>>> print(open('work21.cif').read())   # mmCIF, N, CA and C atoms
data_entry
loop_
_atom_site.label_atom_id
_atom_site.label_comp_id
_atom_site.auth_asym_id
_atom_site.auth_seq_id
_atom_site.Cartn_x
_atom_site.Cartn_y
_atom_site.Cartn_z
N MET A 1 1.84 32.56 87.25
CA MET A 1 2.16 31.98 85.97
C MET A 1 0.97 31.16 85.50
N ARG A 2 0.73 31.22 84.25
CA ARG A 2 -0.35 30.44 83.66
C ARG A 2 0.31 29.35 82.83
N SER A 3 -0.17 28.14 82.96
CA SER A 3 0.38 27.10 82.10
C SER A 3 -0.74 26.43 81.35
N THR A 4 -0.40 26.00 80.16
CA THR A 4 -1.34 25.30 79.30
C THR A 4 -0.78 23.92 79.06
N SER A 5 -1.59 22.90 79.17
CA SER A 5 -1.07 21.55 78.99
C SER A 5 -1.97 20.75 78.09
N THR A 6 -1.35 19.97 77.20
CA THR A 6 -2.10 19.04 76.35
C THR A 6 -1.80 17.62 76.75
N GLY A 7 -1.13 17.47 77.85
CA GLY A 7 -0.75 16.15 78.35
C GLY A 7 0.37 16.34 79.35
N ALA A 8 0.59 15.34 80.19
CA ALA A 8 1.58 15.44 81.25
C ALA A 8 2.98 15.66 80.69
N ALA A 9 3.30 15.05 79.58
CA ALA A 9 4.64 15.17 79.03
C ALA A 9 4.81 16.40 78.15
N ASN A 10 3.73 17.05 77.79
CA ASN A 10 3.81 18.17 76.86
C ASN A 10 3.10 19.37 77.46
N SER A 11 3.84 20.21 78.20
CA SER A 11 3.21 21.40 78.78
C SER A 11 4.00 22.63 78.40
N LEU A 12 3.32 23.72 78.34
CA LEU A 12 3.90 24.99 77.95
C LEU A 12 3.58 25.99 79.05
N THR A 13 4.59 26.68 79.52
CA THR A 13 4.38 27.70 80.53
C THR A 13 4.47 29.05 79.87
N LEU A 14 3.42 29.81 79.97
CA LEU A 14 3.37 31.16 79.45
C LEU A 14 3.67 32.09 80.61
N GLY A 15 4.44 33.11 80.42
CA GLY A 15 4.75 34.05 81.49
C GLY A 15 3.50 34.69 82.05
N PRO A 16 3.68 35.53 83.05
CA PRO A 16 2.50 36.19 83.63
C PRO A 16 1.83 37.05 82.56
N MET A 17 0.57 36.79 82.35
CA MET A 17 -0.18 37.53 81.33
C MET A 17 -1.43 38.09 81.98
N ALA A 18 -1.60 39.37 81.83
CA ALA A 18 -2.82 39.98 82.35
C ALA A 18 -3.95 39.74 81.36
N GLU A 19 -5.09 39.39 81.87
CA GLU A 19 -6.27 39.27 81.02
C GLU A 19 -6.74 40.69 80.69
N PRO A 20 -7.05 40.95 79.44
CA PRO A 20 -7.49 42.31 79.09
C PRO A 20 -8.88 42.61 79.65
N ILE A 21 -9.10 43.88 79.86
CA ILE A 21 -10.43 44.37 80.18
C ILE A 21 -11.02 44.84 78.85
N TYR A 22 -12.19 44.36 78.51
CA TYR A 22 -12.83 44.73 77.25
C TYR A 22 -13.93 45.75 77.51
N TYR A 23 -13.94 46.79 76.70
CA TYR A 23 -14.99 47.80 76.73
C TYR A 23 -15.63 47.83 75.35
N ALA A 24 -16.92 47.63 75.27
CA ALA A 24 -17.65 47.63 74.00
C ALA A 24 -18.55 48.86 73.96
N ILE A 25 -18.36 49.67 72.93
CA ILE A 25 -19.14 50.90 72.77
C ILE A 25 -19.86 50.82 71.43
N GLY A 26 -21.17 50.92 71.46
CA GLY A 26 -21.93 50.82 70.23
C GLY A 26 -23.00 51.89 70.12
N ASP A 27 -23.44 52.12 68.91
CA ASP A 27 -24.57 53.00 68.62
C ASP A 27 -24.41 54.41 69.21
N VAL A 28 -23.30 55.04 68.92
CA VAL A 28 -23.04 56.41 69.37
C VAL A 28 -23.94 57.39 68.62
N HIS A 29 -24.17 57.15 67.34
CA HIS A 29 -25.07 57.94 66.50
C HIS A 29 -24.86 59.45 66.60
N GLY A 30 -23.60 59.87 66.45
CA GLY A 30 -23.30 61.29 66.37
C GLY A 30 -23.31 62.04 67.68
N GLU A 31 -23.37 61.36 68.78
CA GLU A 31 -23.36 62.01 70.09
C GLU A 31 -21.91 62.12 70.59
N ALA A 32 -21.13 62.99 69.95
CA ALA A 32 -19.70 63.12 70.25
C ALA A 32 -19.44 63.55 71.69
N GLY A 33 -20.27 64.41 72.23
CA GLY A 33 -20.09 64.85 73.61
C GLY A 33 -20.23 63.71 74.60
N LEU A 34 -21.26 62.90 74.40
CA LEU A 34 -21.45 61.74 75.27
C LEU A 34 -20.33 60.72 75.08
N LEU A 35 -19.86 60.58 73.85
CA LEU A 35 -18.75 59.66 73.59
C LEU A 35 -17.49 60.12 74.31
N ALA A 36 -17.23 61.42 74.30
CA ALA A 36 -16.05 61.96 75.00
C ALA A 36 -16.13 61.67 76.50
N GLU A 37 -17.33 61.84 77.06
CA GLU A 37 -17.51 61.52 78.49
C GLU A 37 -17.27 60.04 78.76
N LEU A 38 -17.78 59.20 77.89
CA LEU A 38 -17.61 57.76 78.05
C LEU A 38 -16.13 57.38 77.91
N HIS A 39 -15.44 57.95 76.92
CA HIS A 39 -14.01 57.68 76.77
C HIS A 39 -13.26 58.04 78.05
N ALA A 40 -13.56 59.20 78.63
CA ALA A 40 -12.89 59.63 79.86
C ALA A 40 -13.13 58.63 80.99
N ARG A 41 -14.35 58.17 81.13
CA ARG A 41 -14.66 57.19 82.19
C ARG A 41 -13.96 55.86 81.96
N VAL A 42 -13.94 55.42 80.71
CA VAL A 42 -13.28 54.16 80.37
C VAL A 42 -11.79 54.26 80.67
N LEU A 43 -11.15 55.35 80.26
CA LEU A 43 -9.72 55.51 80.50
C LEU A 43 -9.41 55.58 81.99
N GLN A 44 -10.26 56.22 82.75
CA GLN A 44 -10.07 56.28 84.20
C GLN A 44 -10.20 54.88 84.80
N HIS A 45 -11.17 54.12 84.36
CA HIS A 45 -11.39 52.77 84.88
C HIS A 45 -10.27 51.82 84.46
N ALA A 46 -9.83 51.94 83.22
CA ALA A 46 -8.80 51.03 82.71
C ALA A 46 -7.44 51.32 83.33
N ALA A 47 -7.18 52.58 83.69
CA ALA A 47 -5.91 53.01 84.27
C ALA A 47 -4.75 52.46 83.43
N GLU A 48 -3.84 51.75 84.04
CA GLU A 48 -2.68 51.21 83.33
C GLU A 48 -2.84 49.73 83.03
N ASN A 49 -4.05 49.21 83.13
CA ASN A 49 -4.30 47.81 82.82
C ASN A 49 -4.27 47.58 81.32
N TYR A 50 -4.11 46.33 80.93
CA TYR A 50 -4.24 45.97 79.52
C TYR A 50 -5.72 46.00 79.20
N ALA A 51 -6.11 46.81 78.23
CA ALA A 51 -7.52 46.97 77.90
C ALA A 51 -7.71 47.08 76.40
N VAL A 52 -8.89 46.70 75.96
CA VAL A 52 -9.28 46.83 74.56
C VAL A 52 -10.59 47.60 74.54
N ILE A 53 -10.58 48.75 73.85
CA ILE A 53 -11.79 49.56 73.68
C ILE A 53 -12.28 49.30 72.27
N MET A 54 -13.46 48.70 72.17
CA MET A 54 -14.02 48.33 70.87
C MET A 54 -15.24 49.20 70.57
N HIS A 55 -15.19 49.93 69.48
CA HIS A 55 -16.34 50.70 69.00
C HIS A 55 -17.05 49.81 67.99
N LEU A 56 -18.29 49.48 68.26
CA LEU A 56 -19.00 48.46 67.51
C LEU A 56 -19.84 49.01 66.35
N GLY A 57 -19.47 50.14 65.84
CA GLY A 57 -20.17 50.69 64.68
C GLY A 57 -21.25 51.67 65.04
N ASP A 58 -21.80 52.29 64.01
CA ASP A 58 -22.85 53.30 64.13
C ASP A 58 -22.39 54.50 64.96
N LEU A 59 -21.21 55.00 64.62
CA LEU A 59 -20.71 56.24 65.23
C LEU A 59 -21.48 57.44 64.68
N ILE A 60 -22.02 57.31 63.49
CA ILE A 60 -22.60 58.46 62.79
C ILE A 60 -24.12 58.36 62.70
N ASP A 61 -24.71 59.47 62.24
CA ASP A 61 -26.13 59.58 61.91
C ASP A 61 -26.96 59.91 63.15
N ARG A 62 -27.99 60.63 62.94
CA ARG A 62 -29.00 61.01 63.93
C ARG A 62 -28.57 62.12 64.87
N GLY A 63 -27.45 62.00 65.54
CA GLY A 63 -27.04 62.98 66.54
C GLY A 63 -26.44 64.23 65.93
N PRO A 64 -26.05 65.19 66.78
CA PRO A 64 -25.61 66.49 66.30
C PRO A 64 -24.18 66.55 65.76
N ASP A 65 -23.33 65.56 66.03
CA ASP A 65 -21.92 65.71 65.69
C ASP A 65 -21.29 64.38 65.25
N SER A 66 -21.70 63.90 64.09
CA SER A 66 -21.14 62.66 63.57
C SER A 66 -19.65 62.79 63.32
N ARG A 67 -19.25 63.90 62.75
CA ARG A 67 -17.82 64.10 62.48
C ARG A 67 -17.01 64.07 63.78
N GLY A 68 -17.51 64.72 64.81
CA GLY A 68 -16.82 64.73 66.10
C GLY A 68 -16.70 63.34 66.70
N ALA A 69 -17.72 62.52 66.51
CA ALA A 69 -17.68 61.15 67.02
C ALA A 69 -16.60 60.34 66.31
N ILE A 70 -16.50 60.52 65.00
CA ILE A 70 -15.45 59.82 64.25
C ILE A 70 -14.07 60.32 64.65
N GLU A 71 -13.91 61.63 64.75
CA GLU A 71 -12.61 62.19 65.12
C GLU A 71 -12.19 61.76 66.52
N ALA A 72 -13.14 61.74 67.45
CA ALA A 72 -12.82 61.31 68.83
C ALA A 72 -12.35 59.87 68.85
N THR A 73 -12.96 59.04 68.05
CA THR A 73 -12.58 57.64 68.00
C THR A 73 -11.21 57.47 67.34
N MET A 74 -10.98 58.21 66.27
CA MET A 74 -9.71 58.10 65.57
C MET A 74 -8.54 58.62 66.40
N THR A 75 -8.74 59.68 67.14
CA THR A 75 -7.65 60.27 67.93
C THR A 75 -7.45 59.57 69.28
N LEU A 76 -8.42 58.80 69.71
CA LEU A 76 -8.29 58.12 71.00
C LEU A 76 -7.07 57.20 71.01
N GLY A 77 -6.82 56.51 69.92
CA GLY A 77 -5.69 55.60 69.85
C GLY A 77 -4.35 56.27 70.09
N ASP A 78 -4.22 57.54 69.69
CA ASP A 78 -2.98 58.28 69.90
C ASP A 78 -2.87 58.81 71.33
N ALA A 79 -3.98 58.87 72.03
CA ALA A 79 -4.00 59.49 73.36
C ALA A 79 -3.89 58.49 74.51
N VAL A 80 -3.96 57.22 74.20
CA VAL A 80 -3.95 56.22 75.27
C VAL A 80 -2.57 55.61 75.42
N PRO A 81 -2.28 55.05 76.62
CA PRO A 81 -1.00 54.36 76.79
C PRO A 81 -0.94 53.10 75.93
N ALA A 82 0.25 52.59 75.75
CA ALA A 82 0.46 51.41 74.90
C ALA A 82 -0.30 50.18 75.41
N SER A 83 -0.69 50.18 76.66
CA SER A 83 -1.41 49.03 77.24
C SER A 83 -2.88 48.99 76.83
N ILE A 84 -3.35 50.04 76.13
CA ILE A 84 -4.75 50.09 75.72
C ILE A 84 -4.82 50.09 74.19
N GLU A 85 -5.61 49.17 73.67
CA GLU A 85 -5.81 49.05 72.23
C GLU A 85 -7.19 49.62 71.88
N VAL A 86 -7.27 50.39 70.81
CA VAL A 86 -8.53 50.99 70.37
C VAL A 86 -8.88 50.43 69.00
N LEU A 87 -10.10 49.90 68.88
CA LEU A 87 -10.58 49.33 67.63
C LEU A 87 -11.91 49.99 67.26
N ALA A 88 -12.18 50.05 65.98
CA ALA A 88 -13.47 50.57 65.51
C ALA A 88 -13.96 49.72 64.35
N LEU A 89 -15.18 49.27 64.43
CA LEU A 89 -15.80 48.50 63.37
C LEU A 89 -16.78 49.38 62.61
N LYS A 90 -16.97 49.08 61.35
CA LYS A 90 -17.94 49.82 60.53
C LYS A 90 -19.32 49.23 60.76
N GLY A 91 -20.26 50.10 61.10
CA GLY A 91 -21.64 49.67 61.31
C GLY A 91 -22.49 49.89 60.07
N ASN A 92 -23.74 49.54 60.17
CA ASN A 92 -24.63 49.68 59.01
C ASN A 92 -24.85 51.15 58.65
N HIS A 93 -24.79 52.07 59.60
CA HIS A 93 -24.97 53.49 59.28
C HIS A 93 -23.77 54.02 58.51
N GLU A 94 -22.57 53.59 58.87
CA GLU A 94 -21.39 53.98 58.09
C GLU A 94 -21.46 53.39 56.68
N GLN A 95 -21.91 52.16 56.58
CA GLN A 95 -22.02 51.53 55.27
C GLN A 95 -23.05 52.24 54.40
N MET A 96 -24.18 52.63 55.00
CA MET A 96 -25.20 53.35 54.23
C MET A 96 -24.67 54.69 53.73
N MET A 97 -23.85 55.37 54.57
CA MET A 97 -23.27 56.63 54.14
C MET A 97 -22.32 56.39 52.97
N LEU A 98 -21.47 55.39 53.07
CA LEU A 98 -20.54 55.08 51.98
C LEU A 98 -21.28 54.71 50.70
N ASP A 99 -22.35 53.93 50.84
CA ASP A 99 -23.16 53.57 49.67
C ASP A 99 -23.77 54.81 49.03
N ALA A 100 -24.26 55.74 49.86
CA ALA A 100 -24.88 56.96 49.33
C ALA A 100 -23.84 57.83 48.62
N ILE A 101 -22.65 57.93 49.20
CA ILE A 101 -21.59 58.73 48.58
C ILE A 101 -21.18 58.13 47.24
N ASP A 102 -21.13 56.80 47.18
CA ASP A 102 -20.71 56.12 45.95
C ASP A 102 -21.80 56.05 44.88
N ALA A 103 -23.04 56.38 45.24
CA ALA A 103 -24.13 56.28 44.27
C ALA A 103 -23.95 57.31 43.17
N PRO A 104 -24.18 56.91 41.92
CA PRO A 104 -24.03 57.85 40.81
C PRO A 104 -24.95 59.07 40.99
N GLY A 105 -24.39 60.26 40.81
CA GLY A 105 -25.19 61.48 40.87
C GLY A 105 -25.55 61.92 42.28
N MET A 106 -25.02 61.27 43.30
CA MET A 106 -25.38 61.64 44.68
C MET A 106 -24.70 62.95 45.06
N ARG A 107 -25.47 63.84 45.68
CA ARG A 107 -24.93 65.10 46.16
C ARG A 107 -25.15 65.17 47.66
N ALA A 108 -24.34 65.94 48.36
CA ALA A 108 -24.39 66.02 49.82
C ALA A 108 -25.79 66.35 50.33
N GLU A 109 -26.51 67.24 49.64
CA GLU A 109 -27.84 67.62 50.14
C GLU A 109 -28.86 66.50 49.98
N CYS A 110 -28.50 65.45 49.26
CA CYS A 110 -29.42 64.33 49.07
C CYS A 110 -29.22 63.24 50.12
N LEU A 111 -28.21 63.38 50.96
CA LEU A 111 -27.97 62.36 51.97
C LEU A 111 -29.13 62.34 52.94
N PRO A 112 -29.39 61.19 53.57
CA PRO A 112 -30.62 61.01 54.34
C PRO A 112 -30.78 61.87 55.59
N SER A 113 -29.69 62.38 56.17
CA SER A 113 -29.86 63.22 57.36
C SER A 113 -28.74 64.23 57.44
N ALA A 114 -29.01 65.37 58.06
CA ALA A 114 -28.04 66.47 58.12
C ALA A 114 -26.71 66.10 58.75
N PRO A 115 -26.64 65.31 59.84
CA PRO A 115 -25.33 65.02 60.44
C PRO A 115 -24.39 64.33 59.47
N LEU A 116 -24.89 63.60 58.50
CA LEU A 116 -24.01 62.94 57.53
C LEU A 116 -23.24 63.97 56.70
N ARG A 117 -23.84 65.12 56.45
CA ARG A 117 -23.16 66.13 55.64
C ARG A 117 -21.93 66.67 56.34
N GLN A 118 -21.85 66.53 57.66
CA GLN A 118 -20.69 67.00 58.40
C GLN A 118 -19.44 66.21 58.05
N ILE A 119 -19.61 64.98 57.62
CA ILE A 119 -18.48 64.08 57.36
C ILE A 119 -17.63 64.63 56.21
N GLY A 120 -18.26 65.05 55.13
CA GLY A 120 -17.54 65.48 53.93
C GLY A 120 -17.12 66.86 54.02
#
>>> encode(input="work21.cif", output="structure tokens")
Amino acid sequence: MRSTSTGAANSLTLGPMAEPIYYAIGDVHGEAGLLAELHARVLQHAAENYAVIMHLGDLIDRGPDSRGAIEATMTLGDAVPASIEVLALKGNHEQMMLDAIDAPGMRAECLPSAPLRQIG
């Protein structure tokens, strides 16, 4: 049992709480195959523990399969047990892609790199 106290007369007992295991994944850059391998290792390591898998942005650009990296991240949440939480943050490469798509007159062939065209 873990207890938190702000004074002898005022204490709160919180039930048994497992500390989460945090996994931080960043700068995938379109390497969907490597991301799939990493997801498998993380899930094996986390087992049935309470865990948080955090994707820290830059899933896209440069590598061969930006779309696959996004899809793998999006579907991971449906594939894990309830004890594992999956989060994804938008990185600067995702923001640049969104800015390019929103730019007036922008066409897919004008995007800065070929893997970005896979997204649309």
>>> resolve_selection(input="work21.cif", expression="the PyMOL selection byres ((chain A and resi 34-44) around 8)", output="ChimeraX atom specification")
/A:23,28,30-33,45-48,68-69,72-73,80
>>> atom_distance(input="work21.cif", atom1="atom CA of A:Leu87", atom2="atom CA of A:Asn49")
16.5 Å
>>> atom_distance(input="work21.cif", atom1="atom CA of A:Asp58", atom2="atom CA of A:Pro104")
23.8 Å
>>> atom_distance(input="work21.cif", atom1="atom C of A:Ser66", atom2="atom CA of A:Tyr22")
23.8 Å
>>> residues_around(input="work21.cif", residues="A:Gln95", least_positions_apart="5", cutoff="10 Å", atoms="only C-alpha atoms", output="PyMOL selection string")
chain A and resi 57-58+90+100-101
>>> resolve_selection(input="work21.cif", expression="the PyMOL selection byres (((chain A and resi 93 and name CA) around 7) and name CA)", output="VMD selection string")
chain A and resid 58 60 to 61 91 to 92 94 to 97
>>> residues_near_point(input="work21.cif", point="(-10.8, 44.0, 78.9)", cutoff="10 Å", atoms="only C-alpha atoms", output="PyMOL selection string")
chain A and resi 18-24+46+49-54+84-85
>>> select_by_dssp(input="work21.cif", residues="stretch 37-74 of chain A", states="alpha helix (DSSP H)", output="list of chain:residue names")
A:Glu37, A:Leu38, A:His39, A:Ala40, A:Arg41, A:Val42, A:Leu43, A:Gln44, A:His45, A:Ala46, A:Ser66, A:Arg67, A:Gly68, A:Ala69, A:Ile70, A:Glu71, A:Ala72, A:Thr73, A:Met74
>>> decode(input="work21.cif", residues="stretch 51-79 of chain A", atoms="N, CA and C atoms", output="PDB file, in the first residue's frame")
ATOM      1  N   ALA A  51       1.545   0.002 -18.600  1.00  0.00           N
ATOM      2  CA  ALA A  51       2.581   0.644 -19.404  1.00  0.00           C
ATOM      3  C   ALA A  51       1.981   1.757 -20.253  1.00  0.00           C
ATOM      4  N   VAL A  52       2.822   2.713 -20.585  1.00  0.00           N
ATOM      5  CA  VAL A  52       2.455   3.804 -21.476  1.00  0.00           C
ATOM      6  C   VAL A  52       3.480   3.824 -22.600  1.00  0.00           C
ATOM      7  N   ILE A  53       2.991   3.671 -23.832  1.00  0.00           N
ATOM      8  CA  ILE A  53       3.853   3.743 -25.014  1.00  0.00           C
ATOM      9  C   ILE A  53       3.611   5.104 -25.639  1.00  0.00           C
ATOM     10  N   MET A  54       4.640   5.937 -25.638  1.00  0.00           N
ATOM     11  CA  MET A  54       4.522   7.303 -26.146  1.00  0.00           C
ATOM     12  C   MET A  54       5.326   7.447 -27.433  1.00  0.00           C
ATOM     13  N   HIS A  55       4.654   7.813 -28.505  1.00  0.00           N
ATOM     14  CA  HIS A  55       5.314   8.120 -29.778  1.00  0.00           C
ATOM     15  C   HIS A  55       5.529   9.629 -29.785  1.00  0.00           C
ATOM     16  N   LEU A  56       6.766  10.044 -29.859  1.00  0.00           N
ATOM     17  CA  LEU A  56       7.124  11.441 -29.643  1.00  0.00           C
ATOM     18  C   LEU A  56       7.207  12.269 -30.928  1.00  0.00           C
ATOM     19  N   GLY A  57       6.508  11.859 -31.941  1.00  0.00           N
ATOM     20  CA  GLY A  57       6.464  12.641 -33.168  1.00  0.00           C
ATOM     21  C   GLY A  57       7.462  12.184 -34.206  1.00  0.00           C
ATOM     22  N   ASP A  58       7.353  12.780 -35.375  1.00  0.00           N
ATOM     23  CA  ASP A  58       8.195  12.469 -36.526  1.00  0.00           C
ATOM     24  C   ASP A  58       8.064  11.003 -36.953  1.00  0.00           C
ATOM     25  N   LEU A  59       6.823  10.555 -37.071  1.00  0.00           N
ATOM     26  CA  LEU A  59       6.560   9.216 -37.602  1.00  0.00           C
ATOM     27  C   LEU A  59       6.805   9.186 -39.111  1.00  0.00           C
ATOM     28  N   ILE A  60       6.693  10.330 -39.752  1.00  0.00           N
ATOM     29  CA  ILE A  60       6.717  10.387 -41.216  1.00  0.00           C
ATOM     30  C   ILE A  60       7.990  11.047 -41.744  1.00  0.00           C
ATOM     31  N   ASP A  61       8.138  10.942 -43.069  1.00  0.00           N
ATOM     32  CA  ASP A  61       9.182  11.618 -43.836  1.00  0.00           C
ATOM     33  C   ASP A  61      10.470  10.801 -43.846  1.00  0.00           C
ATOM     34  N   ARG A  62      11.169  10.893 -44.911  1.00  0.00           N
ATOM     35  CA  ARG A  62      12.491  10.299 -45.141  1.00  0.00           C
ATOM     36  C   ARG A  62      12.455   8.811 -45.454  1.00  0.00           C
ATOM     37  N   GLY A  63      11.840   8.000 -44.629  1.00  0.00           N
ATOM     38  CA  GLY A  63      11.865   6.548 -44.811  1.00  0.00           C
ATOM     39  C   GLY A  63      10.897   6.064 -45.872  1.00  0.00           C
ATOM     40  N   PRO A  64      10.874   4.750 -46.111  1.00  0.00           N
ATOM     41  CA  PRO A  64      10.102   4.196 -47.222  1.00  0.00           C
ATOM     42  C   PRO A  64       8.604   4.059 -46.980  1.00  0.00           C
ATOM     43  N   ASP A  65       8.123   4.142 -45.735  1.00  0.00           N
ATOM     44  CA  ASP A  65       6.718   3.820 -45.490  1.00  0.00           C
ATOM     45  C   ASP A  65       6.115   4.689 -44.384  1.00  0.00           C
ATOM     46  N   SER A  66       5.949   5.964 -44.679  1.00  0.00           N
ATOM     47  CA  SER A  66       5.353   6.879 -43.706  1.00  0.00           C
ATOM     48  C   SER A  66       3.930   6.469 -43.365  1.00  0.00           C
ATOM     49  N   ARG A  67       3.174   6.107 -44.374  1.00  0.00           N
ATOM     50  CA  ARG A  67       1.790   5.695 -44.131  1.00  0.00           C
ATOM     51  C   ARG A  67       1.742   4.475 -43.206  1.00  0.00           C
ATOM     52  N   GLY A  68       2.605   3.510 -43.448  1.00  0.00           N
ATOM     53  CA  GLY A  68       2.649   2.310 -42.610  1.00  0.00           C
ATOM     54  C   GLY A  68       3.007   2.631 -41.166  1.00  0.00           C
ATOM     55  N   ALA A  69       3.888   3.603 -40.971  1.00  0.00           N
ATOM     56  CA  ALA A  69       4.268   4.001 -39.613  1.00  0.00           C
ATOM     57  C   ALA A  69       3.078   4.618 -38.885  1.00  0.00           C
ATOM     58  N   ILE A  70       2.318   5.445 -39.590  1.00  0.00           N
ATOM     59  CA  ILE A  70       1.130   6.045 -38.982  1.00  0.00           C
ATOM     60  C   ILE A  70       0.082   4.976 -38.686  1.00  0.00           C
ATOM     61  N   GLU A  71      -0.162   4.093 -39.637  1.00  0.00           N
ATOM     62  CA  GLU A  71      -1.158   3.040 -39.433  1.00  0.00           C
ATOM     63  C   GLU A  71      -0.771   2.110 -38.290  1.00  0.00           C
ATOM     64  N   ALA A  72       0.505   1.762 -38.202  1.00  0.00           N
ATOM     65  CA  ALA A  72       0.960   0.885 -37.110  1.00  0.00           C
ATOM     66  C   ALA A  72       0.735   1.533 -35.760  1.00  0.00           C
ATOM     67  N   THR A  73       0.965   2.819 -35.683  1.00  0.00           N
ATOM     68  CA  THR A  73       0.776   3.538 -34.431  1.00  0.00           C
ATOM     69  C   THR A  73      -0.709   3.648 -34.089  1.00  0.00           C
ATOM     70  N   MET A  74      -1.522   3.928 -35.088  1.00  0.00           N
ATOM     71  CA  MET A  74      -2.959   4.070 -34.849  1.00  0.00           C
ATOM     72  C   MET A  74      -3.607   2.747 -34.446  1.00  0.00           C
ATOM     73  N   THR A  75      -3.190   1.654 -35.044  1.00  0.00           N
ATOM     74  CA  THR A  75      -3.806   0.359 -34.747  1.00  0.00           C
ATOM     75  C   THR A  75      -3.230  -0.299 -33.494  1.00  0.00           C
ATOM     76  N   LEU A  76      -2.091   0.156 -33.038  1.00  0.00           N
ATOM     77  CA  LEU A  76      -1.481  -0.448 -31.851  1.00  0.00           C
ATOM     78  C   LEU A  76      -2.421  -0.346 -30.649  1.00  0.00           C
ATOM     79  N   GLY A  77      -3.099   0.772 -30.496  1.00  0.00           N
ATOM     80  CA  GLY A  77      -3.999   0.962 -29.367  1.00  0.00           C
ATOM     81  C   GLY A  77      -5.107  -0.073 -29.301  1.00  0.00           C
ATOM     82  N   ASP A  78      -5.572  -0.551 -30.463  1.00  0.00           N
ATOM     83  CA  ASP A  78      -6.617  -1.569 -30.501  1.00  0.00           C
ATOM     84  C   ASP A  78      -6.068  -2.968 -30.235  1.00  0.00           C
ATOM     85  N   ALA A  79      -4.770  -3.139 -30.374  1.00  0.00           N
ATOM     86  CA  ALA A  79      -4.169  -4.466 -30.276  1.00  0.00           C
ATOM     87  C   ALA A  79      -3.577  -4.774 -28.902  1.00  0.00           C
TER      88      ALA A  79
END
